[in-house]
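Here's my_file.txt, which has compact mmCIF, C-alpha atoms and all ligand atoms:
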# COMPACT_ATOMS: atom_id res chain seq x y z
CA MET Z 171 -9.12 63.96 9.09
CA SER Z 172 -6.81 61.08 8.21
CA SER Z 173 -9.29 58.21 8.22
CA VAL Z 174 -12.49 57.41 6.38
CA MET Z 175 -15.61 59.21 7.66
CA PRO Z 176 -17.93 57.07 9.82
CA GLY Z 177 -20.34 55.01 7.71
CA VAL Z 178 -18.37 55.46 4.49
CA PRO Z 179 -16.88 52.30 2.88
CA THR Z 180 -13.09 52.03 3.10
CA LYS Z 181 -12.85 50.68 -0.47
CA VAL Z 182 -14.77 51.57 -3.59
CA LYS Z 183 -14.96 49.87 -6.97
CA VAL Z 184 -14.77 52.36 -9.84
CA CYS Z 185 -16.29 51.19 -13.14
CA GLU Z 186 -14.97 53.07 -16.16
CA MET Z 187 -17.57 54.07 -18.76
CA GLY Z 188 -15.52 56.23 -21.13
CA PRO Z 189 -15.01 53.78 -24.01
CA ARG Z 190 -18.73 52.89 -24.07
CA ASP Z 191 -20.97 55.56 -22.54
CA GLY Z 192 -18.42 58.20 -23.48
CA LEU Z 193 -17.75 57.34 -27.08
CA GLN Z 194 -21.32 56.29 -27.95
CA ASN Z 195 -22.32 59.94 -27.80
CA GLU Z 196 -19.47 61.57 -29.70
CA ALA Z 197 -20.17 63.28 -32.98
CA ARG Z 198 -16.62 62.88 -34.23
CA SER Z 199 -15.93 59.28 -35.13
CA VAL Z 200 -13.00 57.59 -33.46
CA ASP Z 201 -11.21 54.76 -35.25
CA ALA Z 202 -10.81 51.33 -33.67
CA ALA Z 203 -7.06 51.68 -33.16
CA THR Z 204 -7.58 54.88 -31.15
CA LYS Z 205 -10.27 53.23 -29.02
CA ILE Z 206 -7.99 50.25 -28.40
CA HIS Z 207 -5.12 52.49 -27.31
CA TYR Z 208 -7.47 54.45 -25.04
CA ILE Z 209 -8.74 51.27 -23.34
CA ASP Z 210 -5.20 49.94 -22.99
CA MET Z 211 -4.17 53.20 -21.28
CA LEU Z 212 -7.15 52.91 -18.92
CA SER Z 213 -6.21 49.29 -18.17
CA GLU Z 214 -2.78 50.49 -17.04
CA SER Z 215 -4.36 52.78 -14.43
CA GLY Z 216 -5.59 49.95 -12.18
CA LEU Z 217 -9.29 50.37 -12.95
CA PRO Z 218 -11.01 47.06 -12.04
CA VAL Z 219 -13.87 47.37 -14.56
CA ILE Z 220 -13.72 49.01 -17.98
CA GLU Z 221 -16.87 48.87 -20.09
CA ALA Z 222 -15.27 48.34 -23.47
CA THR Z 223 -17.98 48.71 -26.12
CA SER Z 224 -21.56 47.77 -27.11
CA PHE Z 225 -22.88 44.97 -29.29
CA VAL Z 226 -26.00 46.98 -30.14
CA SER Z 227 -27.46 47.75 -33.54
CA PRO Z 228 -24.98 49.81 -35.56
CA LYS Z 229 -27.98 51.75 -36.83
CA ALA Z 230 -28.79 52.78 -33.25
CA ILE Z 231 -25.19 53.55 -32.25
CA PRO Z 232 -22.92 53.87 -35.31
CA GLN Z 233 -20.09 55.13 -33.08
CA LEU Z 234 -19.61 51.60 -31.70
CA ALA Z 235 -20.15 49.62 -34.91
CA ASP Z 236 -16.53 48.44 -34.62
CA ALA Z 237 -17.24 46.58 -31.36
CA TYR Z 238 -15.71 43.29 -32.55
CA GLU Z 239 -12.50 44.88 -33.73
CA VAL Z 240 -12.15 46.93 -30.56
CA PHE Z 241 -12.98 44.12 -28.16
CA THR Z 242 -10.65 41.63 -29.81
CA GLY Z 243 -7.90 44.25 -30.15
CA ILE Z 244 -7.57 45.36 -26.52
CA ALA Z 245 -5.01 43.88 -24.13
CA LYS Z 246 -7.03 42.14 -21.42
CA ARG Z 247 -5.25 42.87 -18.19
CA PRO Z 248 -5.59 39.95 -15.75
CA GLY Z 249 -8.14 40.65 -13.04
CA VAL Z 250 -9.85 43.43 -14.98
CA LEU Z 251 -13.43 42.98 -16.23
CA TYR Z 252 -14.29 44.33 -19.68
CA PRO Z 253 -18.10 44.23 -19.88
CA VAL Z 254 -19.91 44.93 -23.14
CA LEU Z 255 -23.49 46.08 -23.62
CA VAL Z 256 -25.88 43.49 -25.02
CA PRO Z 257 -29.49 44.45 -25.90
CA ASN Z 258 -30.78 41.17 -27.38
CA ALA Z 259 -29.88 37.66 -28.58
CA LYS Z 260 -28.06 38.99 -31.63
CA GLY Z 261 -25.88 41.21 -29.46
CA PHE Z 262 -25.19 38.31 -27.11
CA ALA Z 263 -24.10 36.09 -30.00
CA ARG Z 264 -21.79 38.85 -31.28
CA ALA Z 265 -20.35 39.38 -27.80
CA LYS Z 266 -19.62 35.67 -27.37
CA GLU Z 267 -18.03 35.49 -30.81
CA ALA Z 268 -15.68 38.29 -29.76
CA GLY Z 269 -14.78 36.39 -26.58
CA ALA Z 270 -16.55 38.57 -24.01
CA THR Z 271 -16.59 37.18 -20.47
CA ALA Z 272 -18.69 39.97 -18.97
CA ILE Z 273 -21.89 41.49 -20.34
CA ALA Z 274 -24.38 44.17 -19.36
CA VAL Z 275 -28.06 44.16 -20.24
CA PHE Z 276 -29.95 47.42 -20.01
CA THR Z 277 -33.49 48.61 -19.44
CA ALA Z 278 -35.05 51.51 -17.56
CA ALA Z 279 -37.53 52.54 -14.89
CA SER Z 280 -39.69 54.52 -17.38
CA GLU Z 281 -41.53 53.10 -20.38
CA THR Z 282 -41.02 55.90 -22.90
CA PHE Z 283 -37.25 55.96 -22.51
CA THR Z 284 -37.09 52.18 -22.76
CA LYS Z 285 -39.09 52.29 -25.97
CA ARG Z 286 -36.93 55.03 -27.50
CA ASN Z 287 -33.68 53.44 -26.39
CA ILE Z 288 -34.22 49.76 -27.17
CA ASN Z 289 -37.63 49.69 -28.87
CA MET Z 290 -39.15 47.47 -26.17
CA SER Z 291 -41.38 47.84 -23.14
CA ILE Z 292 -39.72 47.24 -19.77
CA ARG Z 293 -41.51 43.91 -19.53
CA GLN Z 294 -40.41 42.85 -23.03
CA SER Z 295 -36.83 43.79 -22.23
CA LEU Z 296 -36.87 41.56 -19.15
CA GLU Z 297 -38.32 38.70 -21.20
CA ILE Z 298 -35.59 39.11 -23.81
CA PHE Z 299 -32.84 39.33 -21.18
CA ALA Z 300 -33.99 36.27 -19.20
CA PRO Z 301 -32.49 33.54 -21.44
CA ILE Z 302 -29.42 35.68 -22.19
CA VAL Z 303 -28.61 36.19 -18.51
CA ARG Z 304 -29.33 32.53 -17.74
CA GLU Z 305 -26.99 31.31 -20.46
CA ALA Z 306 -24.32 33.88 -19.66
CA ARG Z 307 -24.28 32.90 -15.99
CA ALA Z 308 -24.25 29.19 -16.88
CA GLU Z 309 -21.16 29.89 -18.97
CA GLY Z 310 -19.50 31.63 -16.02
CA MET Z 311 -19.89 35.17 -17.33
CA TRP Z 312 -20.21 38.22 -15.08
CA VAL Z 313 -23.50 39.96 -15.78
CA ARG Z 314 -24.54 43.48 -14.92
CA GLY Z 315 -28.04 44.93 -15.34
CA TYR Z 316 -28.68 48.62 -15.88
CA VAL Z 317 -31.75 50.53 -14.79
CA SER Z 318 -31.82 53.89 -16.57
CA THR Z 319 -33.91 57.00 -15.75
CA CYS Z 320 -33.91 56.20 -12.01
CA PHE Z 321 -34.04 59.86 -11.02
CA GLY Z 322 -36.07 61.19 -13.91
CA CYS Z 323 -37.05 60.44 -17.49
CA PRO Z 324 -36.48 62.89 -20.35
CA TYR Z 325 -39.98 62.06 -21.65
CA GLU Z 326 -42.04 61.29 -18.53
CA GLY Z 327 -40.44 63.42 -15.80
CA PRO Z 328 -40.09 62.20 -12.20
CA VAL Z 329 -39.73 58.45 -11.56
CA ALA Z 330 -40.86 56.79 -8.32
CA PRO Z 331 -38.15 55.05 -6.25
CA ALA Z 332 -40.53 52.07 -5.90
CA LYS Z 333 -40.47 51.65 -9.69
CA VAL Z 334 -36.66 51.75 -9.68
CA ALA Z 335 -36.58 49.06 -7.01
CA GLN Z 336 -39.12 46.94 -8.92
CA VAL Z 337 -37.00 46.89 -12.09
CA ALA Z 338 -33.76 46.39 -10.13
CA VAL Z 339 -35.29 43.42 -8.31
CA ALA Z 340 -36.44 41.94 -11.62
CA LEU Z 341 -32.90 42.19 -13.04
CA ALA Z 342 -31.44 40.68 -9.87
CA ALA Z 343 -33.96 37.83 -10.09
CA LEU Z 344 -32.84 37.11 -13.66
CA GLY Z 345 -29.33 36.52 -12.30
CA CYS Z 346 -27.60 39.86 -12.80
CA VAL Z 347 -24.71 39.96 -10.36
CA GLU Z 348 -24.66 43.73 -10.13
CA ILE Z 349 -27.36 46.32 -10.78
CA SER Z 350 -26.34 49.79 -11.90
CA ILE Z 351 -28.76 52.59 -11.05
CA GLY Z 352 -28.57 55.23 -13.75
CA ASP Z 353 -29.24 58.94 -13.47
CA THR Z 354 -29.34 59.06 -17.26
CA ILE Z 355 -30.10 62.77 -17.56
CA GLY Z 356 -28.32 63.96 -14.42
CA VAL Z 357 -31.32 65.28 -12.50
CA GLY Z 358 -30.64 63.56 -9.17
CA THR Z 359 -29.97 65.36 -5.91
CA PRO Z 360 -28.81 63.91 -2.55
CA ASN Z 361 -32.30 63.69 -1.02
CA ARG Z 362 -33.45 61.67 -4.04
CA VAL Z 363 -30.38 59.44 -3.71
CA VAL Z 364 -31.39 58.64 -0.13
CA GLU Z 365 -34.94 57.78 -1.26
CA VAL Z 366 -33.73 55.52 -4.09
CA VAL Z 367 -31.14 53.74 -1.93
CA GLU Z 368 -33.71 53.25 0.83
CA ALA Z 369 -36.10 51.63 -1.66
CA LEU Z 370 -33.32 49.35 -2.92
CA ARG Z 371 -31.90 48.47 0.50
CA ARG Z 372 -35.10 46.66 1.45
CA GLU Z 373 -34.81 44.37 -1.58
CA ILE Z 374 -31.17 43.85 -2.66
CA PRO Z 375 -27.87 43.75 -0.73
CA LEU Z 376 -26.21 47.11 -1.37
CA GLU Z 377 -22.94 45.34 -2.33
CA ARG Z 378 -24.75 44.41 -5.55
CA ILE Z 379 -25.75 48.01 -6.35
CA ALA Z 380 -23.71 50.49 -8.40
CA MET Z 381 -24.61 54.14 -8.89
CA HIS Z 382 -24.21 55.65 -12.37
CA PHE Z 383 -24.45 59.42 -12.22
CA HIS Z 384 -24.38 61.71 -15.21
CA ASP Z 385 -23.19 65.17 -14.22
CA THR Z 386 -25.53 67.26 -16.35
CA ARG Z 387 -26.39 69.68 -13.55
CA GLY Z 388 -23.24 69.40 -11.44
CA THR Z 389 -24.82 67.27 -8.71
CA ALA Z 390 -22.96 64.00 -9.35
CA LEU Z 391 -20.28 64.38 -6.67
CA ALA Z 392 -22.83 65.47 -4.07
CA ASN Z 393 -24.84 62.39 -5.03
CA VAL Z 394 -21.77 60.15 -4.70
CA THR Z 395 -21.02 61.54 -1.24
CA THR Z 396 -24.57 60.83 -0.13
CA ALA Z 397 -24.56 57.37 -1.70
CA LEU Z 398 -21.27 56.58 0.09
CA GLN Z 399 -22.83 57.58 3.39
CA GLU Z 400 -25.78 55.33 2.55
CA GLY Z 401 -23.36 52.40 2.10
CA ILE Z 402 -22.90 52.21 -1.69
CA SER Z 403 -19.41 51.10 -2.69
CA THR Z 404 -19.52 50.83 -6.51
CA PHE Z 405 -19.62 53.86 -8.79
CA ASP Z 406 -19.58 54.34 -12.55
CA SER Z 407 -17.69 57.23 -14.10
CA SER Z 408 -16.10 58.20 -17.34
CA SER Z 409 -12.58 59.47 -17.91
CA GLY Z 410 -12.53 63.18 -18.61
CA GLY Z 411 -16.32 63.29 -18.13
CA LEU Z 412 -17.21 61.92 -21.55
CA GLY Z 413 -20.63 60.48 -22.12
CA GLY Z 414 -24.34 60.61 -22.66
CA CYS Z 415 -27.08 58.66 -24.31
CA PRO Z 416 -28.25 59.68 -27.79
CA TYR Z 417 -31.78 58.59 -26.80
CA ALA Z 418 -31.87 60.89 -23.77
CA PRO Z 419 -32.18 64.47 -25.03
CA GLY Z 420 -30.02 66.83 -23.01
CA ALA Z 421 -28.02 64.09 -21.32
CA SER Z 422 -24.40 65.08 -20.95
CA GLY Z 423 -21.32 63.33 -19.67
CA ASN Z 424 -20.93 60.86 -16.89
CA LEU Z 425 -19.36 61.96 -13.67
CA ALA Z 426 -15.67 62.25 -14.56
CA THR Z 427 -13.43 59.48 -13.25
CA GLU Z 428 -10.79 62.04 -12.23
CA ASP Z 429 -13.35 63.95 -10.14
CA LEU Z 430 -14.61 60.76 -8.52
CA LEU Z 431 -11.06 59.60 -7.75
CA TYR Z 432 -10.06 62.98 -6.34
CA LEU Z 433 -13.07 62.94 -4.02
CA LEU Z 434 -12.57 59.31 -2.92
CA HIS Z 435 -8.82 59.56 -2.39
CA GLY Z 436 -9.26 62.84 -0.53
CA MET Z 437 -11.79 61.04 1.72
CA LYS Z 438 -9.16 58.27 2.24
CA VAL Z 439 -11.29 55.73 0.40
CA GLU Z 440 -9.16 53.18 -1.47
CA THR Z 441 -9.76 52.53 -5.16
CA GLY Z 442 -6.49 51.03 -6.41
CA VAL Z 443 -6.67 53.43 -9.37
CA ASP Z 444 -3.92 55.83 -10.40
CA LEU Z 445 -5.50 59.23 -11.08
CA HIS Z 446 -2.47 60.38 -13.09
CA LYS Z 447 -2.77 57.47 -15.49
CA VAL Z 448 -6.52 58.04 -15.95
CA ARG Z 449 -5.71 61.66 -16.69
CA GLU Z 450 -3.23 60.65 -19.38
CA ALA Z 451 -5.91 58.43 -20.98
CA SER Z 452 -8.36 61.35 -20.89
CA ARG Z 453 -5.80 63.62 -22.52
CA PHE Z 454 -5.25 61.06 -25.27
CA ILE Z 455 -8.93 60.52 -26.08
CA SER Z 456 -9.81 64.23 -25.77
CA GLU Z 457 -7.22 65.08 -28.38
CA ALA Z 458 -8.65 62.35 -30.62
CA ILE Z 459 -12.20 63.71 -30.39
CA GLY Z 460 -11.15 67.34 -30.36
CA LYS Z 461 -12.77 68.22 -27.04
CA THR Z 462 -11.50 69.54 -23.74
CA PRO Z 463 -12.43 67.23 -20.84
CA THR Z 464 -15.15 68.59 -18.57
CA SER Z 465 -13.51 67.09 -15.47
CA LYS Z 466 -12.73 69.75 -12.88
CA ALA Z 467 -9.92 67.64 -11.40
CA TYR Z 468 -8.43 67.21 -14.88
CA LEU Z 469 -8.50 70.94 -15.53
CA ALA Z 470 -7.16 71.97 -12.10
CA PRO Z 471 -3.45 72.71 -11.66
CA GLU Z 472 -1.56 69.46 -11.26
CA GLN Z 473 0.31 70.39 -8.08
CA TRP Z 474 -3.00 70.70 -6.24
CA TRP Z 475 -4.80 67.62 -7.45
CA LYS Z 476 -1.68 65.54 -6.80
CA THR Z 477 -1.93 66.20 -3.07
CA ALA Z 478 -5.07 64.08 -2.69
CA SER Z 479 -4.27 61.39 -5.19
P1 LIG M 501 -34.97 47.26 -33.44
O1 LIG M 501 -34.91 48.11 -34.66
O2 LIG M 501 -36.27 47.11 -32.74
O3 LIG M 501 -34.36 45.81 -33.69
O4 LIG M 501 -33.89 47.81 -32.42
P2 LIG M 501 -34.64 44.70 -34.72
O5 LIG M 501 -34.47 43.40 -34.01
O6 LIG M 501 -35.93 44.95 -35.45
O7 LIG M 501 -33.42 44.85 -35.76
C1 LIG M 501 -33.30 45.94 -36.64
C2 LIG M 501 -31.98 45.80 -37.37
O8 LIG M 501 -30.89 45.89 -36.45
C3 LIG M 501 -31.81 44.47 -38.08
O9 LIG M 501 -30.97 44.69 -39.20
C4 LIG M 501 -31.07 43.63 -37.08
O10 LIG M 501 -30.34 42.58 -37.64
C5 LIG M 501 -30.14 44.66 -36.46
P3 LIG M 501 -31.57 44.85 -40.68
O11 LIG M 501 -32.34 43.57 -40.95
O12 LIG M 501 -32.48 46.06 -40.65
O13 LIG M 501 -30.36 45.07 -41.52
N1 LIG M 501 -29.78 44.34 -35.09
C6 LIG M 501 -28.51 44.26 -34.64
N2 LIG M 501 -27.32 44.41 -35.26
C7 LIG M 501 -26.22 44.21 -34.51
N3 LIG M 501 -26.26 43.94 -33.18
C8 LIG M 501 -27.43 43.81 -32.53
C9 LIG M 501 -28.62 43.97 -33.29
N4 LIG M 501 -29.91 43.89 -32.95
C10 LIG M 501 -30.61 44.12 -34.06
N5 LIG M 501 -27.44 43.54 -31.23
C11 LIG M 501 -32.30 47.36 -30.67
C12 LIG M 501 -33.72 47.23 -31.14
C13 LIG M 501 -32.27 46.97 -29.20
C14 LIG M 501 -31.41 46.42 -31.48
C15 LIG M 501 -31.80 48.83 -30.88
O14 LIG M 501 -32.78 49.70 -30.39
C16 LIG M 501 -30.51 49.09 -30.19
O15 LIG M 501 -29.49 48.56 -30.57
N6 LIG M 501 -30.51 49.98 -29.15
C17 LIG M 501 -29.33 50.29 -28.41
C18 LIG M 501 -29.40 51.71 -27.94
C19 LIG M 501 -28.18 52.05 -27.11
O16 LIG M 501 -27.15 51.44 -27.21
N7 LIG M 501 -28.33 53.09 -26.24
C20 LIG M 501 -27.25 53.55 -25.41
C21 LIG M 501 -26.91 52.58 -24.33
S1 LIG M 501 -27.97 52.71 -22.91
C22 LIG M 501 -27.28 54.00 -21.98
O17 LIG M 501 -26.43 54.71 -22.45
C23 LIG M 501 -27.70 54.16 -20.56
C24 LIG M 501 -26.66 53.68 -19.54
O18 LIG M 501 -25.43 54.37 -19.72
C25 LIG M 501 -27.17 53.90 -18.12
C26 LIG M 501 -27.71 55.32 -17.87
O19 LIG M 501 -26.98 56.30 -18.10
O20 LIG M 501 -28.86 55.40 -17.44
C27 LIG M 501 -26.38 52.18 -19.70
MG MG M 502 -25.02 56.34 -18.91

In structure tokens, write the structure found in this file.
Amino acid sequence: MSSVMPGVPTKVKVCEMGPRDGLQNEARSVDAATKIHYIDMLSESGLPVIEATSFVSPKAIPQLADAYEVFTGIAKRPGVLYPVLVPNAKGFARAKEAGATAIAVFTAASETFTKRNINMSIRQSLEIFAPIVREARAEGMWVRGYVSTCFGCPYEGPVAPAKVAQVAVALAALGCVEISIGDTIGVGTPNRVVEVVEALRREIPLERIAMHFHDTRGTALANVTTALQEGISTFDSSSGGLGGCPYAPGASGNLATEDLLYLLHGMKVETGVDLHKVREASRFISEAIGKTPTSKAYLAPEQWWKTAS
């Protein structure tokens, strides 16, 4: 088939998570210069959004304690967004000082994870984000809101789609431009994706929804395919398949950007991203952290993955 399947968007926005979600979970520390080079390589690939770092407590995430140095050191490619995670007013002040023009606030659809991750209830998190998002938008910043544990919580188990929609709506009401729906521990399956998207569709235009799949159980690409058929056109992924949240036991890497790109390009969906260049960035950062990428498309023989890219 040479054209996009019926119902599937012709273009998809790929949001790169490697420098943030990827490196926040790595045991081996990576110096700022290496992170900067990695992000600069990713910028060269045509990715439209690269989450660069986090202005969170360095006690919570020591791996990203160098956020200022990294953010101010990267080459900002025109037209590319470099969001940074902001958990509270202190993080917002640090992000502004570094010159951030895009931020992401983050909460979850389950209370226990929210408490472990950011030491707040869901309600408290929304109260803390409200003035941050208001000010950020007034200053012309792009603001994303994350809802974690949308398909299951490592502490509470299954999460109702209605709860996901409730938190997503609250973030949208604060002024978040885009809401990213996180499968933090990679438990989602296509039928659950349909249920979650259906709950969201009634409340928020799907153009404002991103899906953020971790590939812990190998279901991320199946979930992407289903989400595409449901009309989602923004996906988060991480080069090489890096990633995980230290506050989500058992969480492993994000869906790999190479695997997502291979699927999308094979389905004739445009991304504007060069798979080969992402692969080079993955090779660079994998050598720095001493790990082999988990991406299947990365590991496959080049002559075959080139045919679809
Ligand atoms: P807390 O301990 O309740 O905060 O942590 P606090 O206000 O009491 O402050 C404690 C100390 O941290 C103080 O320092 C503050 O100054 C400092 P001390 O007086 O002890 O020396 N502090 C900060 N320092 C720098 N930047 C800040 C900051 N805030 C406080 N912004 C807090 C609450 C939210 C700060 C903490 O829990 C935290 O930083 N959590 C972040 C956890 C995190 O980053 N998790 C991973 C990202 S989420 C994720 O991966 C999921 C996602 O990928 C989607 C998905 O997969 O589902 C997005
Ligand atoms: Mg994540």

Environment of ligand MG 502 (chain M) within 10 Å, counting only C-alpha atoms and all ligand atoms, reported as a ChimeraX atom specification = /Z:187-188,190-192,194-195,316-319,350-356,382-384,406-408,412-415,418,421-425

At what distance in Å, to one decimal, does atom C22 of ligand LIG 501 (chain M) lie from atom CA of Gly322 of chain Z?
->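 That distance, rounded to one decimal, is 13.9 Å.
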
Work out how far apart atom CA of Asn361 of chain Z and atom CA of Ser409 of chain Z are and give it in Å to one decimal.
->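 We find that atom CA of Asn361 of chain Z and atom CA of Ser409 of chain Z lie 26.3 Å from each other.
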
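Comparing the minimum interatomic distances between ligand LIG 501 (chain M) and each of Z:Pro232, Z:Pro471, Z:Pro179, Z:Gly345, counting all atoms listed in the file, we find that Z:Pro232 sits nearest.
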
Shortest interatomic distance to Ala263 of chain Z - which of Z:Glu428, Z:Glu377, Z:Asp385, Z:Glu305, counting only C-alpha atoms =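 Closest to Ala263 of chain Z of all the choices is Z:Glu305.
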
What is the distance between atom CA of Ala197 of chain Z and atom CA of Lys466 of chain Z, in Å to one decimal?
-> 22.4 Å

Rank Z:Thr271, Z:Ser227, Z:Thr359, Z:Ser215 by their smallest atom-to-atom distance to Phe241 of chain Z, using all atoms listed in the file, and report the top residue only.
-> Z:Thr271

Would you tabulate, counting only C-alpha atoms, all residues of segment 248-364 of chain Z that have an atom at most 7 Å from an atom of segment 389-393 of chain Z, showing the closest pair of atoms and their distance in Å to one decimal, sorted by chain then ascending number, as a tab-separated table?
residue	atom	partner	partner_atom	distance
Z:Gly358	CA	Z:Thr389	CA	6.9
Z:Thr359	CA	Z:Asn393	CA	6.0
Z:Pro360	CA	Z:Asn393	CA	4.9
Z:Val363	CA	Z:Asn393	CA	6.4

Requested write-out: C-alpha atoms of the selected residues, as an mmCIF file, in the coordinates of the input:
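Output file again.cif follows:
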data_model
loop_
_atom_site.group_PDB
_atom_site.id
_atom_site.type_symbol
_atom_site.label_atom_id
_atom_site.label_comp_id
_atom_site.auth_asym_id
_atom_site.auth_seq_id
_atom_site.Cartn_x
_atom_site.Cartn_y
_atom_site.Cartn_z
ATOM 1 C CA GLY Z 358 -30.640 63.560 -9.170
ATOM 2 C CA THR Z 359 -29.970 65.360 -5.910
ATOM 3 C CA PRO Z 360 -28.810 63.910 -2.550
ATOM 4 C CA VAL Z 363 -30.380 59.440 -3.710
#

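Of the listed residues (Z:Pro375, Z:Gly261, Z:Gly216, Z:Gly411), Z:Gly261 comes nearest to ligand LIG 501 (chain M); the distances count all atoms listed in the file.
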
Skip Ala237 of chain Z itself and residues of its chain fewer than 4 positions away, then list as a list in words all residues within 7 Å of it, counting all atoms listed in the file.
->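 Listed by chain and then number, they are Thr223, Ser224, Phe225 and Phe241 of chain Z.
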
Nearest to Gln336 of chain Z: which of Z:Ala470, Z:Ala279, Z:Val394, Z:Ile459 is it, counting all atoms listed in the file?
->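 Of Z:Ala470, Z:Ala279, Z:Val394, Z:Ile459, the one nearest Gln336 of chain Z, counting all atoms listed in the file, is Z:Ala279.
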
Using all atoms listed in the file: which of Z:Ala265, Z:Val200, Z:Cys346, Z:Val182 has the shortest distance to Val303 of chain Z =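 Selected residue with least distance to Val303 of chain Z: Z:Cys346.
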